[in-house]
Amino acid sequence: MNGGEGPPILWIEEIDTRRTAVAGPKIAKLGELGELDLDIPRGFVVTTRAFTDVVGTSELAAAIDARLTGVTPSDHNQVGEAARAVRAMIESQPLPAPLRTEVGRAYDELCRRCGPEVPTAVRSSATGEDSSDASFAGQFDTYLGVTGSEAVVDAVKACWASLFTDRALAYRLERGLDHRDCPMAVGVLELIDARASGVAFSVHPVTGRPDRIVIEGSWGWGEAIVGGLVTPDRVEVGKTDDRVLDYVVSHKTVMSDFDRRAGTVTDVEVPIEMRDTRVIDDHELTLITSAVRLIEDHFGHAVDVEWVLSHEGGRSRVTIVQARPETVHGPGGGSKGVKWDPAGYAMKYAFGTEDPS
């Protein structure tokens, strides 16, 4: 196996969907959104070439192949044992010195652009992920609050290893796919200081109605939603006139926030005065809905969009951190009887982790 073409590191402004093969669809789409003058995080991608160079080296590749030989996808224990073994192989594999140096230099340059010891979101971007005709969404890992070049290197390898979670491995084995068919790029992006975050759908994700945008969001980062610790606010907005059709304020007692001392995103209590207040004001709703419409128009299909809301210089800023085809309501145009499940939608379509059940 060769190492592929192109450099092992690309900056986000160098990427669009024409470079999906090296940046993966998640990061390639993000780069393309930057060309629409939408706010996106600054950062770089460790390309699929780097993955191929490391995970595709003859010794490691042979060890992975040997461990997966004879694994039956329907045998959950067998799949789990094989998946854990392969992840350990990848995470313990040292990066070649030239690649480690390049990742370190790229992180140092990101700090120069964003500030010293910038915390990052390290996000998987496997080829085949987030496509409208495959169920890869959310199978792979994201790490928030990663600070320092050595920690970034470890998180990159952990993202590569997440190609071999139990669920992802079983999915490929059932379909006769090889991990070489979906090499993984990894985005290293500045961690936006999230006052609030959430996901927005350009169609109603339960009914499929195309005339409204549905937004859900909560204070801080979205991990508290994913963990089922908080129910986000839910908003329905008219797509053509930005009219707020419904705003359901939830009772929010927990939020995910970045702890600089610990260097990680952690759960903290929401101040009492914020627990029953709106997360998103009308102006911020307009910013989010405008971005969602622009993204839907650009790609020509319904989308779901992960957003982060921050305040800079007294002004609200909406940063788009992910966009993908919206597939919740299915090709039939709606799912009758489906109930709204904020944690389920967040786990499947935002914040990086899908419920394995």
# chains A, B, ... in the order shown; residues from 1 in each chain; ligands from 1
>>> closest_atom_pairs(of="stretch 210-275 of chain A", to="stretch 119-129 of chain A", cutoff="9 Å", atoms="only C-alpha atoms", output="CSV")
residue,atom,partner,partner_atom,distance
A:Phe258,CA,A:Pro119,CA,9.0
A:Arg260,CA,A:Pro119,CA,8.3
A:Gly263,CA,A:Pro119,CA,7.7
A:Thr264,CA,A:Pro119,CA,8.7
>>> closest_atom_pairs(of="stretch 157-185 of chain A", to="stretch 89-107 of chain A", cutoff="10 Å", atoms="only C-alpha atoms", output="tab-separated table")
residue	atom	partner	partner_atom	distance
A:Lys157	CA	A:Glu91	CA	5.4
A:Ala158	CA	A:Glu91	CA	6.0
A:Cys159	CA	A:Glu91	CA	9.1
A:Trp160	CA	A:Ile90	CA	7.3
A:Ala161	CA	A:Ile90	CA	5.8
A:Ser162	CA	A:Ile90	CA	9.5
A:Phe164	CA	A:Ile90	CA	9.6
>>> write_last_selection(atoms="C-alpha atoms", output="PDB file, in the first residue's frame")
ATOM      1  CA  LYS A 157      -4.194   8.415  16.815  1.00  0.00           C
ATOM      2  CA  ALA A 158      -7.289   7.934  18.999  1.00  0.00           C
ATOM      3  CA  CYS A 159      -9.457   9.199  16.133  1.00  0.00           C
ATOM      4  CA  TRP A 160      -7.756   6.750  13.768  1.00  0.00           C
ATOM      5  CA  ALA A 161      -8.379   3.986  16.300  1.00  0.00           C
ATOM      6  CA  SER A 162     -12.078   4.904  16.468  1.00  0.00           C
ATOM      7  CA  PHE A 164     -12.347   0.219  14.919  1.00  0.00           C
TER       8      PHE A 164
END
>>> atom_distance(atom1="atom CA of A:Ile272", atom2="atom CA of A:Thr289")
28.5 Å
>>> residues_around(residues="A:Ala185", least_positions_apart="3", cutoff="10 Å", atoms="only C-alpha atoms", output="list of chain:residue names")
A:Pro8, A:Ile9, A:Thr20, A:Ala21, A:Val22, A:Ala23, A:Gly24, A:Pro25, A:Lys26, A:Ile27, A:Ala28, A:Val45, A:Val46, A:Thr47, A:Thr48, A:Arg49, A:Ala50, A:Phe51, A:Thr52, A:Arg123, A:Ser124, A:Ser125, A:Ala126, A:Thr127, A:Val156, A:Cys159, A:Trp160, A:Cys182, A:Val188
>>> write_last_selection(atoms="C-alpha atoms", output="PDB file, in the first residue's frame")
ATOM      1  CA  PRO A   8       0.007  15.011   5.220  1.00  0.00           C
ATOM      2  CA  ILE A   9      -1.161  18.407   6.553  1.00  0.00           C
ATOM      3  CA  THR A  20     -12.815  14.963   0.118  1.00  0.00           C
ATOM      4  CA  ALA A  21     -10.493  12.040  -0.668  1.00  0.00           C
ATOM      5  CA  VAL A  22      -7.718  13.576   1.445  1.00  0.00           C
ATOM      6  CA  ALA A  23      -9.671  15.592   4.037  1.00  0.00           C
ATOM      7  CA  GLY A  24     -12.740  13.391   4.471  1.00  0.00           C
ATOM      8  CA  PRO A  25     -16.248  14.759   3.886  1.00  0.00           C
ATOM      9  CA  LYS A  26     -16.727  16.304   7.327  1.00  0.00           C
ATOM     10  CA  ILE A  27     -13.702  18.586   7.086  1.00  0.00           C
ATOM     11  CA  ALA A  28     -13.977  19.077   3.313  1.00  0.00           C
ATOM     12  CA  VAL A  45      -6.430  18.518   8.838  1.00  0.00           C
ATOM     13  CA  VAL A  46      -4.124  15.538   9.159  1.00  0.00           C
ATOM     14  CA  THR A  47      -4.959  14.011   5.785  1.00  0.00           C
ATOM     15  CA  THR A  48      -5.776  10.464   4.722  1.00  0.00           C
ATOM     16  CA  ARG A  49      -2.230  10.239   3.401  1.00  0.00           C
ATOM     17  CA  ALA A  50      -0.960  10.333   7.005  1.00  0.00           C
ATOM     18  CA  PHE A  51      -3.466   7.636   8.016  1.00  0.00           C
ATOM     19  CA  THR A  52      -2.376   5.440   5.123  1.00  0.00           C
ATOM     20  CA  ARG A 123     -12.480  15.423  14.919  1.00  0.00           C
ATOM     21  CA  SER A 124     -12.569  12.299  12.798  1.00  0.00           C
ATOM     22  CA  SER A 125     -13.323  12.732   9.103  1.00  0.00           C
ATOM     23  CA  ALA A 126     -13.399   9.290   7.505  1.00  0.00           C
ATOM     24  CA  THR A 127     -14.100   8.950   3.802  1.00  0.00           C
ATOM     25  CA  VAL A 156      -5.174  12.033  16.189  1.00  0.00           C
ATOM     26  CA  CYS A 159      -9.457   9.199  16.133  1.00  0.00           C
ATOM     27  CA  TRP A 160      -7.756   6.750  13.768  1.00  0.00           C
ATOM     28  CA  CYS A 182     -12.496   4.481   4.268  1.00  0.00           C
ATOM     29  CA  VAL A 188      -7.593  19.802  14.408  1.00  0.00           C
TER      30      VAL A 188
END
>>> atom_distance(atom1="atom CA of A:Leu110", atom2="atom CA of A:Glu190")
7.8 Å
